Amino acid sequence: MKYKLLGQTGEKLSALGLGCMGMSFAYGASNDKQSLVTLEKALDLGINFWDTADMYGNGKNEQLLAQVLKNKRDQVFLATKFGFRAKDENQHTSSSLDCYIDASPAWIKVAVENSLKRLNTDVIDLYYAHRIDPNIPIEETVGAMSDLVKQGKVRYLGLSEASADTIRKAHAIHPIAAVQHEYSLLTREVEQTHLQTIRELGISLIAYAPLSRGLITNTLTVDQLDADDFRRQLPRYQGNHLQNNQSLAQAFSDFAVSKNVTAAQLALAWILAQGKDIIPIPGTRHIDRLTENAKAIQLSLTTDDLLNIDKIIQQFPHTGERYNPEQFAAVNH
Ligand SMILES: NC(=O)c1ccc[n+]([C@@H]2O[C@H](COP(=O)([O-])OP(=O)(O)OC[C@H]3O[C@@H](n4cnc5c(N)ncnc54)[C@H](OP(=O)(O)O)[C@@H]3O)[C@@H](O)[C@H]2O)c1
């Protein structure tokens, strides 16, 4: 594994993290035994940067990770998030639409204790506001997060899906180490909206859904997704957009094969080539895929490769929005 520095913190994180969401949430049925083996394998591969959130399976994802952390806490740089609360705590949640946003200081105090308990740890390495609460000034949210650092419950702070303006305001209250945002070959807005600001402030970009939630791997059979699979709600997985994206994934995969790599590896190598301050956190529940993805760090792409990839993507412009309007409403612009 290769390692990258997290913002200005001096912490060395694996150049590829592990997104744990799908192990308990959003992508249909999962298998805890298989997920636990995957988590152990991540440590064998040196993937020490794990990403979870309190809302993934109403806390189940944090509890799952705790089973591995109990003997190996010191091997993991652990990131979790707060801010999405289930509309009904007793109901199964399969998407953010089953939740509302609460990033109030009062809730942060409760949420952090819940996460610490579920993760069975004394400290969270990186604590993110999962979404920016439109009803609470960001200064108050980050002020309350900063108190957790002073109390030793949290080491570093992050924001997810925050606008550049919000990031600046937050950073003035307490240093922000990481900004998490969707970033992949199909979702490149962040290059225009965020990169300049976070580079100026010395903040790392944590690229979530770097495989476009599986689409770019050219292995997804969308009509076989579980009925409650969150991706069914997304424009990219519907109608003409889906057709466009399947053709795009096929063309991208053909190019990957011509380079003797898989589409997943090429997609991750492309993100890694965008800057040493960018860390993708691909999600998988399978050790074979984890091992496959980890090899992406060994690839180096030439300028021609990058140009060819751009050309392929530009041939299929009707990718569709990454979220539906209701989900976009939770994103801070
Ligand atoms: N901050 C936020 O709002 C936010 C939102 C979404 C996600 N996240 C975080 O980002 C992480 C990553 O995003 P994501 O999981 O949504 O999307 P992703 O990493 O782009 O894609 C995950 C999907 O790709 C599949 N996959 C992984 N490696 C593969 C390979 N080599 N070949 C074929 N398929 C492969 C996975 O299947 P299997 O699992 O079945 O292997 C899963 O269906 C999440 O786990 C979560 O921690 C954050």
# chains A, B, ... in the order shown; residues from 1 in each chain; ligands from 1

call {"tool": "residues_near_ligand", "arguments": {"ligand": "ligand 1", "cutoff": "6 Å", "atoms": "only C-alpha atoms and all ligand atoms", "output": "PDB file with all heavy atoms, in the first residue's frame"}}
result
ATOM      1  N   GLY A  19     -14.639   2.172   1.944  1.00  0.00           N
ATOM      2  CA  GLY A  19     -16.002   2.614   2.242  1.00  0.00           C
ATOM      3  C   GLY A  19     -16.798   1.428   2.761  1.00  0.00           C
ATOM      4  O   GLY A  19     -16.885   0.395   2.098  1.00  0.00           O
ATOM      5  N   CYS A  20     -17.358   1.572   3.934  1.00  0.00           N
ATOM      6  CA  CYS A  20     -18.018   0.423   4.584  1.00  0.00           C
ATOM      7  C   CYS A  20     -19.536   0.473   4.482  1.00  0.00           C
ATOM      8  O   CYS A  20     -20.226  -0.441   4.945  1.00  0.00           O
ATOM      9  CB  CYS A  20     -17.590   0.363   6.056  1.00  0.00           C
ATOM     10  SG  CYS A  20     -15.802   0.228   6.247  1.00  0.00           S
ATOM     11  N   MET A  21     -20.086   1.520   3.903  1.00  0.00           N
ATOM     12  CA  MET A  21     -21.535   1.731   3.870  1.00  0.00           C
ATOM     13  C   MET A  21     -22.313   0.521   3.366  1.00  0.00           C
ATOM     14  O   MET A  21     -23.279   0.077   3.987  1.00  0.00           O
ATOM     15  CB  MET A  21     -21.839   2.956   2.999  1.00  0.00           C
ATOM     16  CG  MET A  21     -23.312   3.263   2.855  1.00  0.00           C
ATOM     17  SD  MET A  21     -23.607   4.708   1.804  1.00  0.00           S
ATOM     18  CE  MET A  21     -23.442   3.990   0.179  1.00  0.00           C
ATOM     19  N   GLY A  22     -21.892  -0.016   2.210  1.00  0.00           N
ATOM     20  CA  GLY A  22     -22.650  -1.104   1.577  1.00  0.00           C
ATOM     21  C   GLY A  22     -22.730  -2.359   2.430  1.00  0.00           C
ATOM     22  O   GLY A  22     -23.576  -3.217   2.189  1.00  0.00           O
ATOM     23  N   ASP A  51     -14.184   4.127   6.425  1.00  0.00           N
ATOM     24  CA  ASP A  51     -15.233   5.150   6.423  1.00  0.00           C
ATOM     25  C   ASP A  51     -16.593   4.543   6.752  1.00  0.00           C
ATOM     26  O   ASP A  51     -17.061   3.637   6.079  1.00  0.00           O
ATOM     27  CB  ASP A  51     -15.309   5.788   5.025  1.00  0.00           C
ATOM     28  CG  ASP A  51     -16.221   7.002   5.026  1.00  0.00           C
ATOM     29  OD1 ASP A  51     -15.761   8.073   5.446  1.00  0.00           O
ATOM     30  OD2 ASP A  51     -17.399   6.869   4.635  1.00  0.00           O
ATOM     31  N   THR A  52     -17.208   5.068   7.812  1.00  0.00           N
ATOM     32  CA  THR A  52     -18.549   4.640   8.181  1.00  0.00           C
ATOM     33  C   THR A  52     -19.372   5.880   8.527  1.00  0.00           C
ATOM     34  O   THR A  52     -18.949   7.008   8.298  1.00  0.00           O
ATOM     35  CB  THR A  52     -18.509   3.617   9.350  1.00  0.00           C
ATOM     36  OG1 THR A  52     -19.846   3.219   9.676  1.00  0.00           O
ATOM     37  CG2 THR A  52     -17.830   4.171  10.583  1.00  0.00           C
ATOM     38  N   HIS A 130     -22.142  14.968   8.279  1.00  0.00           N
ATOM     39  CA  HIS A 130     -22.503  14.223   7.056  1.00  0.00           C
ATOM     40  C   HIS A 130     -23.181  15.151   6.037  1.00  0.00           C
ATOM     41  O   HIS A 130     -22.998  15.025   4.835  1.00  0.00           O
ATOM     42  CB  HIS A 130     -23.441  13.082   7.465  1.00  0.00           C
ATOM     43  CG  HIS A 130     -23.421  11.897   6.569  1.00  0.00           C
ATOM     44  ND1 HIS A 130     -23.780  10.646   6.992  1.00  0.00           N
ATOM     45  CD2 HIS A 130     -23.096  11.751   5.258  1.00  0.00           C
ATOM     46  CE1 HIS A 130     -23.678   9.790   5.979  1.00  0.00           C
ATOM     47  NE2 HIS A 130     -23.273  10.438   4.924  1.00  0.00           N
ATOM     48  N   SER A 160     -18.920  16.852   4.988  1.00  0.00           N
ATOM     49  CA  SER A 160     -19.313  16.105   3.790  1.00  0.00           C
ATOM     50  C   SER A 160     -20.379  16.894   3.050  1.00  0.00           C
ATOM     51  O   SER A 160     -21.332  17.382   3.673  1.00  0.00           O
ATOM     52  CB  SER A 160     -19.856  14.741   4.224  1.00  0.00           C
ATOM     53  OG  SER A 160     -20.497  14.097   3.156  1.00  0.00           O
ATOM     54  N   GLN A 180     -15.373  15.532   2.392  1.00  0.00           N
ATOM     55  CA  GLN A 180     -15.815  14.343   1.653  1.00  0.00           C
ATOM     56  C   GLN A 180     -16.860  14.780   0.637  1.00  0.00           C
ATOM     57  O   GLN A 180     -17.795  15.516   0.956  1.00  0.00           O
ATOM     58  CB  GLN A 180     -16.392  13.305   2.627  1.00  0.00           C
ATOM     59  CG  GLN A 180     -16.701  12.007   1.932  1.00  0.00           C
ATOM     60  CD  GLN A 180     -16.956  10.813   2.844  1.00  0.00           C
ATOM     61  OE1 GLN A 180     -17.865  10.040   2.589  1.00  0.00           O
ATOM     62  NE2 GLN A 180     -16.160  10.647   3.885  1.00  0.00           N
ATOM     63  N   TYR A 208     -15.846  10.122  -2.316  1.00  0.00           N
ATOM     64  CA  TYR A 208     -16.785   9.017  -2.076  1.00  0.00           C
ATOM     65  C   TYR A 208     -17.459   8.613  -3.384  1.00  0.00           C
ATOM     66  O   TYR A 208     -17.466   9.366  -4.350  1.00  0.00           O
ATOM     67  CB  TYR A 208     -17.765   9.341  -0.950  1.00  0.00           C
ATOM     68  CG  TYR A 208     -19.012  10.144  -1.248  1.00  0.00           C
ATOM     69  CD1 TYR A 208     -20.073   9.614  -2.001  1.00  0.00           C
ATOM     70  CD2 TYR A 208     -19.190  11.407  -0.719  1.00  0.00           C
ATOM     71  CE1 TYR A 208     -21.238  10.333  -2.235  1.00  0.00           C
ATOM     72  CE2 TYR A 208     -20.349  12.142  -0.939  1.00  0.00           C
ATOM     73  CZ  TYR A 208     -21.370  11.589  -1.705  1.00  0.00           C
ATOM     74  OH  TYR A 208     -22.518  12.294  -1.925  1.00  0.00           O
ATOM     75  N   ALA A 209     -17.977   7.368  -3.373  1.00  0.00           N
ATOM     76  CA  ALA A 209     -18.551   6.743  -4.580  1.00  0.00           C
ATOM     77  C   ALA A 209     -17.601   6.876  -5.781  1.00  0.00           C
ATOM     78  O   ALA A 209     -18.011   7.259  -6.878  1.00  0.00           O
ATOM     79  CB  ALA A 209     -19.933   7.315  -4.894  1.00  0.00           C
ATOM     80  N   PRO A 210     -16.311   6.538  -5.591  1.00  0.00           N
ATOM     81  CA  PRO A 210     -15.337   6.729  -6.668  1.00  0.00           C
ATOM     82  C   PRO A 210     -15.555   5.779  -7.844  1.00  0.00           C
ATOM     83  O   PRO A 210     -15.015   6.016  -8.923  1.00  0.00           O
ATOM     84  CB  PRO A 210     -13.993   6.433  -5.979  1.00  0.00           C
ATOM     85  CG  PRO A 210     -14.338   5.508  -4.867  1.00  0.00           C
ATOM     86  CD  PRO A 210     -15.684   5.958  -4.372  1.00  0.00           C
ATOM     87  N   LEU A 211     -16.353   4.728  -7.622  1.00  0.00           N
ATOM     88  CA  LEU A 211     -16.677   3.802  -8.724  1.00  0.00           C
ATOM     89  C   LEU A 211     -18.063   4.106  -9.271  1.00  0.00           C
ATOM     90  O   LEU A 211     -18.691   3.254  -9.897  1.00  0.00           O
ATOM     91  CB  LEU A 211     -16.594   2.355  -8.217  1.00  0.00           C
ATOM     92  CG  LEU A 211     -15.195   1.930  -7.734  1.00  0.00           C
ATOM     93  CD1 LEU A 211     -15.244   0.561  -7.050  1.00  0.00           C
ATOM     94  CD2 LEU A 211     -14.211   1.904  -8.897  1.00  0.00           C
ATOM     95  N   SER A 212     -18.535   5.320  -9.013  1.00  0.00           N
ATOM     96  CA  SER A 212     -19.881   5.731  -9.445  1.00  0.00           C
ATOM     97  C   SER A 212     -20.911   4.706  -8.969  1.00  0.00           C
ATOM     98  O   SER A 212     -21.791   4.289  -9.721  1.00  0.00           O
ATOM     99  CB  SER A 212     -19.943   5.898 -10.963  1.00  0.00           C
ATOM    100  OG  SER A 212     -18.845   6.623 -11.425  1.00  0.00           O
ATOM    101  N   ARG A 213     -20.726   4.291  -7.726  1.00  0.00           N
ATOM    102  CA  ARG A 213     -21.615   3.313  -7.059  1.00  0.00           C
ATOM    103  C   ARG A 213     -21.673   1.998  -7.821  1.00  0.00           C
ATOM    104  O   ARG A 213     -22.691   1.310  -7.825  1.00  0.00           O
ATOM    105  CB  ARG A 213     -23.009   3.897  -6.855  1.00  0.00           C
ATOM    106  CG  ARG A 213     -22.993   5.204  -6.049  1.00  0.00           C
ATOM    107  CD  ARG A 213     -24.379   5.711  -5.789  1.00  0.00           C
ATOM    108  NE  ARG A 213     -24.387   7.018  -5.171  1.00  0.00           N
ATOM    109  CZ  ARG A 213     -24.356   7.260  -3.869  1.00  0.00           C
ATOM    110  NH1 ARG A 213     -24.290   6.265  -3.022  1.00  0.00           N
ATOM    111  NH2 ARG A 213     -24.385   8.498  -3.404  1.00  0.00           N
ATOM    112  N   GLY A 214     -20.597   1.661  -8.496  1.00  0.00           N
ATOM    113  CA  GLY A 214     -20.502   0.376  -9.195  1.00  0.00           C
ATOM    114  C   GLY A 214     -20.670   0.506 -10.703  1.00  0.00           C
ATOM    115  O   GLY A 214     -20.221  -0.353 -11.461  1.00  0.00           O
ATOM    116  N   THR A 217     -17.721   0.113 -13.153  1.00  0.00           N
ATOM    117  CA  THR A 217     -17.002  -1.172 -13.174  1.00  0.00           C
ATOM    118  C   THR A 217     -17.485  -2.070 -14.308  1.00  0.00           C
ATOM    119  O   THR A 217     -16.865  -3.088 -14.609  1.00  0.00           O
ATOM    120  CB  THR A 217     -17.186  -1.940 -11.850  1.00  0.00           C
ATOM    121  OG1 THR A 217     -18.569  -2.319 -11.727  1.00  0.00           O
ATOM    122  CG2 THR A 217     -16.772  -1.108 -10.656  1.00  0.00           C
ATOM    123  N   THR A 219     -19.890  -4.081 -14.313  1.00  0.00           N
ATOM    124  CA  THR A 219     -20.261  -5.423 -13.839  1.00  0.00           C
ATOM    125  C   THR A 219     -21.663  -5.430 -13.237  1.00  0.00           C
ATOM    126  O   THR A 219     -22.133  -6.470 -12.780  1.00  0.00           O
ATOM    127  CB  THR A 219     -19.290  -5.911 -12.738  1.00  0.00           C
ATOM    128  OG1 THR A 219     -19.336  -4.970 -11.658  1.00  0.00           O
ATOM    129  CG2 THR A 219     -17.870  -6.048 -13.239  1.00  0.00           C
ATOM    130  N   ALA A 264     -12.594  -1.113 -12.782  1.00  0.00           N
ATOM    131  CA  ALA A 264     -12.528  -0.566 -11.416  1.00  0.00           C
ATOM    132  C   ALA A 264     -11.129  -0.030 -11.129  1.00  0.00           C
ATOM    133  O   ALA A 264     -10.962   1.075 -10.584  1.00  0.00           O
ATOM    134  CB  ALA A 264     -12.916  -1.654 -10.400  1.00  0.00           C
ATOM    135  N   ILE A 281     -12.344   6.391  -1.497  1.00  0.00           N
ATOM    136  CA  ILE A 281     -12.744   5.376  -0.501  1.00  0.00           C
ATOM    137  C   ILE A 281     -13.744   4.402  -1.138  1.00  0.00           C
ATOM    138  O   ILE A 281     -14.912   4.382  -0.771  1.00  0.00           O
ATOM    139  CB  ILE A 281     -13.328   6.020   0.782  1.00  0.00           C
ATOM    140  CG1 ILE A 281     -14.405   7.083   0.455  1.00  0.00           C
ATOM    141  CG2 ILE A 281     -12.239   6.630   1.635  1.00  0.00           C
ATOM    142  CD1 ILE A 281     -15.230   7.518   1.683  1.00  0.00           C
ATOM    143  N   PRO A 282     -13.272   3.580  -2.095  1.00  0.00           N
ATOM    144  CA  PRO A 282     -14.201   2.654  -2.737  1.00  0.00           C
ATOM    145  C   PRO A 282     -14.825   1.700  -1.724  1.00  0.00           C
ATOM    146  O   PRO A 282     -14.165   1.280  -0.777  1.00  0.00           O
ATOM    147  CB  PRO A 282     -13.308   1.897  -3.725  1.00  0.00           C
ATOM    148  CG  PRO A 282     -11.913   2.062  -3.224  1.00  0.00           C
ATOM    149  CD  PRO A 282     -11.877   3.385  -2.542  1.00  0.00           C
ATOM    150  N   GLY A 283     -16.088   1.382  -1.968  1.00  0.00           N
ATOM    151  CA  GLY A 283     -16.786   0.451  -1.083  1.00  0.00           C
ATOM    152  C   GLY A 283     -16.883  -0.917  -1.717  1.00  0.00           C
ATOM    153  O   GLY A 283     -17.129  -1.033  -2.920  1.00  0.00           O
ATOM    154  N   THR A 284     -16.641  -1.949  -0.925  1.00  0.00           N
ATOM    155  CA  THR A 284     -16.917  -3.313  -1.395  1.00  0.00           C
ATOM    156  C   THR A 284     -17.139  -4.226  -0.200  1.00  0.00           C
ATOM    157  O   THR A 284     -16.624  -3.983   0.886  1.00  0.00           O
ATOM    158  CB  THR A 284     -15.785  -3.873  -2.284  1.00  0.00           C
ATOM    159  OG1 THR A 284     -16.186  -5.182  -2.710  1.00  0.00           O
ATOM    160  CG2 THR A 284     -14.453  -3.955  -1.579  1.00  0.00           C
ATOM    161  N   ARG A 285     -17.900  -5.300  -0.474  1.00  0.00           N
ATOM    162  CA  ARG A 285     -18.158  -6.313   0.557  1.00  0.00           C
ATOM    163  C   ARG A 285     -17.447  -7.602   0.209  1.00  0.00           C
ATOM    164  O   ARG A 285     -17.708  -8.628   0.810  1.00  0.00           O
ATOM    165  CB  ARG A 285     -19.667  -6.573   0.643  1.00  0.00           C
ATOM    166  CG  ARG A 285     -20.457  -5.332   0.937  1.00  0.00           C
ATOM    167  CD  ARG A 285     -21.933  -5.528   0.702  1.00  0.00           C
ATOM    168  NE  ARG A 285     -22.268  -5.350  -0.691  1.00  0.00           N
ATOM    169  CZ  ARG A 285     -23.499  -5.128  -1.160  1.00  0.00           C
ATOM    170  NH1 ARG A 285     -24.509  -5.055  -0.311  1.00  0.00           N
ATOM    171  NH2 ARG A 285     -23.733  -4.976  -2.434  1.00  0.00           N
ATOM    172  N   HIS A 286     -16.562  -7.558  -0.780  1.00  0.00           N
ATOM    173  CA  HIS A 286     -15.957  -8.790  -1.300  1.00  0.00           C
ATOM    174  C   HIS A 286     -14.434  -8.692  -1.295  1.00  0.00           C
ATOM    175  O   HIS A 286     -13.888  -7.710  -1.817  1.00  0.00           O
ATOM    176  CB  HIS A 286     -16.438  -9.033  -2.728  1.00  0.00           C
ATOM    177  CG  HIS A 286     -17.918  -9.255  -2.827  1.00  0.00           C
ATOM    178  ND1 HIS A 286     -18.811  -8.258  -3.131  1.00  0.00           N
ATOM    179  CD2 HIS A 286     -18.652 -10.375  -2.620  1.00  0.00           C
ATOM    180  CE1 HIS A 286     -20.045  -8.749  -3.120  1.00  0.00           C
ATOM    181  NE2 HIS A 286     -19.976 -10.029  -2.809  1.00  0.00           N
ATOM    182  N   ARG A 289     -12.750  -8.303  -4.776  1.00  0.00           N
ATOM    183  CA  ARG A 289     -12.823  -6.930  -5.312  1.00  0.00           C
ATOM    184  C   ARG A 289     -11.898  -5.984  -4.551  1.00  0.00           C
ATOM    185  O   ARG A 289     -11.288  -5.085  -5.133  1.00  0.00           O
ATOM    186  CB  ARG A 289     -14.257  -6.432  -5.240  1.00  0.00           C
ATOM    187  CG  ARG A 289     -15.146  -7.140  -6.240  1.00  0.00           C
ATOM    188  CD  ARG A 289     -16.573  -6.705  -6.126  1.00  0.00           C
ATOM    189  NE  ARG A 289     -17.348  -7.185  -7.254  1.00  0.00           N
ATOM    190  CZ  ARG A 289     -18.651  -6.999  -7.390  1.00  0.00           C
ATOM    191  NH1 ARG A 289     -19.330  -6.346  -6.454  1.00  0.00           N
ATOM    192  NH2 ARG A 289     -19.288  -7.452  -8.443  1.00  0.00           N
ATOM    193  N   GLU A 292      -8.537  -6.596  -5.842  1.00  0.00           N
ATOM    194  CA  GLU A 292      -8.464  -6.015  -7.203  1.00  0.00           C
ATOM    195  C   GLU A 292      -8.288  -4.489  -7.108  1.00  0.00           C
ATOM    196  O   GLU A 292      -7.401  -3.913  -7.742  1.00  0.00           O
ATOM    197  CB  GLU A 292      -9.766  -6.357  -7.942  1.00  0.00           C
ATOM    198  CG  GLU A 292      -9.910  -5.733  -9.309  1.00  0.00           C
ATOM    199  CD  GLU A 292     -11.324  -5.942  -9.893  1.00  0.00           C
ATOM    200  OE1 GLU A 292     -11.998  -6.945  -9.563  1.00  0.00           O
ATOM    201  OE2 GLU A 292     -11.753  -5.064 -10.664  1.00  0.00           O
ATOM    202  N   ASN A 293      -9.110  -3.867  -6.294  1.00  0.00           N
ATOM    203  CA  ASN A 293      -9.072  -2.399  -6.193  1.00  0.00           C
ATOM    204  C   ASN A 293      -7.735  -1.906  -5.640  1.00  0.00           C
ATOM    205  O   ASN A 293      -7.208  -0.876  -6.080  1.00  0.00           O
ATOM    206  CB  ASN A 293     -10.221  -1.893  -5.311  1.00  0.00           C
ATOM    207  CG  ASN A 293     -11.584  -2.201  -5.922  1.00  0.00           C
ATOM    208  OD1 ASN A 293     -11.681  -2.574  -7.087  1.00  0.00           O
ATOM    209  ND2 ASN A 293     -12.641  -2.044  -5.131  1.00  0.00           N
TER     210      ASN A 293
END

call {"tool": "select_by_dssp", "arguments": {"residues": "region 41-124 of chain A", "states": "strand (DSSP E)", "output": "list in words"}}
result
Phe49, Trp50, Asp51, Phe77, Leu78, Ala79, Thr80, Lys81, Phe82, Phe84, Arg85, Ala86, Cys99, Tyr100, Ile101 and Ile124 of chain A

call {"tool": "write_last_selection", "arguments": {"atoms": "all heavy atoms", "output": "short mmCIF file (atom, residue, chain, number, x, y, z; two decimals), in the first residue's frame"}}
result
data_model
loop_
_atom_site.label_atom_id
_atom_site.label_comp_id
_atom_site.auth_asym_id
_atom_site.auth_seq_id
_atom_site.Cartn_x
_atom_site.Cartn_y
_atom_site.Cartn_z
N PHE A 49 -7.67 3.16 6.38
CA PHE A 49 -8.57 4.32 6.46
C PHE A 49 -10.00 3.84 6.16
O PHE A 49 -10.34 3.57 5.02
CB PHE A 49 -8.11 5.38 5.44
CG PHE A 49 -8.93 6.63 5.38
CD1 PHE A 49 -9.59 7.13 6.49
CD2 PHE A 49 -9.02 7.34 4.19
CE1 PHE A 49 -10.35 8.28 6.42
CE2 PHE A 49 -9.76 8.51 4.11
CZ PHE A 49 -10.43 8.97 5.23
N TRP A 50 -10.79 3.71 7.22
CA TRP A 50 -12.12 3.14 7.09
C TRP A 50 -13.17 4.22 7.26
O TRP A 50 -13.08 5.05 8.17
CB TRP A 50 -12.34 2.06 8.14
CG TRP A 50 -11.49 0.83 7.95
CD1 TRP A 50 -10.48 0.65 7.04
CD2 TRP A 50 -11.56 -0.37 8.73
NE1 TRP A 50 -9.93 -0.60 7.19
CE2 TRP A 50 -10.57 -1.24 8.21
CE3 TRP A 50 -12.34 -0.79 9.80
CZ2 TRP A 50 -10.35 -2.52 8.74
CZ3 TRP A 50 -12.13 -2.06 10.32
CH2 TRP A 50 -11.15 -2.91 9.79
N ASP A 51 -14.18 4.13 6.42
CA ASP A 51 -15.23 5.15 6.42
C ASP A 51 -16.59 4.54 6.75
O ASP A 51 -17.06 3.64 6.08
CB ASP A 51 -15.31 5.79 5.02
CG ASP A 51 -16.22 7.00 5.03
OD1 ASP A 51 -15.76 8.07 5.45
OD2 ASP A 51 -17.40 6.87 4.64
N PHE A 77 -7.41 3.99 11.03
CA PHE A 77 -7.76 5.41 11.12
C PHE A 77 -9.24 5.49 10.80
O PHE A 77 -9.67 5.30 9.67
CB PHE A 77 -6.93 6.24 10.14
CG PHE A 77 -7.08 7.72 10.37
CD1 PHE A 77 -6.21 8.40 11.22
CD2 PHE A 77 -8.10 8.43 9.77
CE1 PHE A 77 -6.36 9.77 11.45
CE2 PHE A 77 -8.26 9.79 10.00
CZ PHE A 77 -7.38 10.46 10.85
N LEU A 78 -10.02 5.76 11.84
CA LEU A 78 -11.46 5.54 11.80
C LEU A 78 -12.23 6.84 11.58
O LEU A 78 -12.13 7.77 12.36
CB LEU A 78 -11.86 4.93 13.15
CG LEU A 78 -13.31 4.55 13.36
CD1 LEU A 78 -13.75 3.48 12.37
CD2 LEU A 78 -13.48 4.03 14.79
N ALA A 79 -12.99 6.85 10.48
CA ALA A 79 -13.81 8.03 10.19
C ALA A 79 -15.28 7.65 10.31
O ALA A 79 -15.73 6.65 9.75
CB ALA A 79 -13.52 8.53 8.78
N THR A 80 -16.05 8.48 11.04
CA THR A 80 -17.49 8.29 11.04
C THR A 80 -18.16 9.66 10.92
O THR A 80 -17.49 10.69 10.88
CB THR A 80 -17.98 7.47 12.25
OG1 THR A 80 -19.35 7.12 12.05
CG2 THR A 80 -17.82 8.22 13.57
N LYS A 81 -19.48 9.64 10.82
CA LYS A 81 -20.22 10.88 10.54
C LYS A 81 -21.50 10.93 11.34
O LYS A 81 -22.04 9.88 11.70
CB LYS A 81 -20.60 10.96 9.05
CG LYS A 81 -19.56 10.43 8.08
CD LYS A 81 -20.00 10.58 6.63
CE LYS A 81 -19.09 9.81 5.69
NZ LYS A 81 -19.32 8.38 5.65
N PHE A 82 -21.97 12.14 11.56
CA PHE A 82 -23.27 12.35 12.22
C PHE A 82 -24.07 13.31 11.35
O PHE A 82 -23.50 14.01 10.49
CB PHE A 82 -23.07 12.98 13.61
CG PHE A 82 -22.60 14.41 13.51
CD1 PHE A 82 -23.52 15.46 13.44
CD2 PHE A 82 -21.25 14.71 13.40
CE1 PHE A 82 -23.09 16.78 13.28
CE2 PHE A 82 -20.82 16.02 13.24
CZ PHE A 82 -21.74 17.06 13.18
N PHE A 84 -27.45 12.73 9.89
CA PHE A 84 -28.69 12.17 9.36
C PHE A 84 -29.37 11.41 10.49
O PHE A 84 -28.78 10.47 11.03
CB PHE A 84 -28.41 11.17 8.22
CG PHE A 84 -28.24 11.78 6.87
CD1 PHE A 84 -27.07 11.61 6.16
CD2 PHE A 84 -29.28 12.49 6.27
CE1 PHE A 84 -26.90 12.15 4.88
CE2 PHE A 84 -29.13 13.03 4.99
CZ PHE A 84 -27.94 12.87 4.31
N ARG A 85 -30.58 11.78 10.82
CA ARG A 85 -31.32 11.05 11.86
C ARG A 85 -32.51 10.34 11.23
O ARG A 85 -33.22 10.93 10.39
CB ARG A 85 -31.80 12.01 12.93
CG ARG A 85 -30.66 12.63 13.70
CD ARG A 85 -31.16 13.54 14.80
NE ARG A 85 -31.86 12.83 15.86
CZ ARG A 85 -32.35 13.41 16.94
NH1 ARG A 85 -32.22 14.72 17.09
NH2 ARG A 85 -32.97 12.71 17.86
N ALA A 86 -32.73 9.12 11.62
CA ALA A 86 -33.86 8.36 11.06
C ALA A 86 -35.17 9.04 11.42
O ALA A 86 -35.36 9.48 12.57
CB ALA A 86 -33.84 6.94 11.60
N CYS A 99 -34.45 9.75 6.33
CA CYS A 99 -33.81 10.50 7.43
C CYS A 99 -34.06 12.00 7.29
O CYS A 99 -34.50 12.47 6.24
CB CYS A 99 -32.30 10.29 7.41
SG CYS A 99 -31.80 8.57 7.51
N TYR A 100 -33.77 12.74 8.36
CA TYR A 100 -33.74 14.20 8.29
C TYR A 100 -32.40 14.67 8.85
O TYR A 100 -31.68 13.90 9.51
CB TYR A 100 -34.93 14.82 9.05
CG TYR A 100 -34.92 14.58 10.53
CD1 TYR A 100 -34.46 15.56 11.42
CD2 TYR A 100 -35.35 13.38 11.08
CE1 TYR A 100 -34.45 15.35 12.79
CE2 TYR A 100 -35.34 13.15 12.46
CZ TYR A 100 -34.89 14.14 13.30
OH TYR A 100 -34.87 13.92 14.65
N ILE A 101 -32.08 15.93 8.56
CA ILE A 101 -30.75 16.43 8.96
C ILE A 101 -30.83 17.13 10.31
O ILE A 101 -31.70 17.98 10.53
CB ILE A 101 -30.21 17.41 7.91
CG1 ILE A 101 -30.01 16.67 6.58
CG2 ILE A 101 -28.89 18.03 8.35
CD1 ILE A 101 -29.66 17.59 5.44
N ILE A 124 -12.72 8.88 18.12
CA ILE A 124 -12.95 8.79 16.67
C ILE A 124 -11.85 9.61 16.01
O ILE A 124 -11.59 10.76 16.41
CB ILE A 124 -14.34 9.39 16.34
CG1 ILE A 124 -15.44 8.49 16.91
CG2 ILE A 124 -14.51 9.60 14.84
CD1 ILE A 124 -16.79 9.17 17.05
#

call {"tool": "closest_residue", "arguments": {"among": "A:Gln196, A:Thr121, A:Asn114, A:Thr302", "to": "Ala269 (chain A)", "atoms": "only C-alpha atoms"}}
result
A:Thr302

call {"tool": "residues_around", "arguments": {"residues": "Val179 (chain A)", "least_positions_apart": "6", "cutoff": "6 Å", "atoms": "only C-alpha atoms", "output": "number ranges by chain"}}
result
A: 158-160, 205-206

call {"tool": "atom_distance", "arguments": {"atom1": "CA of Asp125 (chain A)", "atom2": "CA of Val37 (chain A)"}}
result
22.7 Å

call {"tool": "residues_around", "arguments": {"residues": "Gly202 (chain A)", "least_positions_apart": "3", "cutoff": "9 Å", "atoms": "only C-alpha atoms", "output": "ChimeraX atom specification"}}
result
/A:7-8,176-177,197-199,277

call {"tool": "closest_residue", "arguments": {"among": "A:Glu139, A:Asp288, A:Asp133, A:Glu11", "to": "Tyr156 (chain A)", "atoms": "only C-alpha atoms"}}
result
A:Glu11

call {"tool": "closest_residue", "arguments": {"among": "A:Asp54, A:Tyr323, A:Arg131, A:Val110", "to": "Gln233 (chain A)", "atoms": "only C-alpha atoms"}}
result
A:Tyr323

call {"tool": "closest_residue", "arguments": {"among": "A:Val76, A:Lys311, A:Gly275, A:Glu189", "to": "Leu13 (chain A)", "atoms": "only C-alpha atoms"}}
result
A:Val76

call {"tool": "select_by_dssp", "arguments": {"residues": "region 275-320 of chain A", "states": "helix (DSSP H, G or I)", "output": "list in words"}}
result
Ile287, Asp288, Arg289, Leu290, Thr291, Glu292, Asn293, Ala294, Lys295, Ala296, Ile297, Gln298, Thr303, Asp304, Asp305, Leu306, Leu307, Asn308, Ile309, Asp310, Lys311, Ile312, Ile313 and Gln314 of chain A
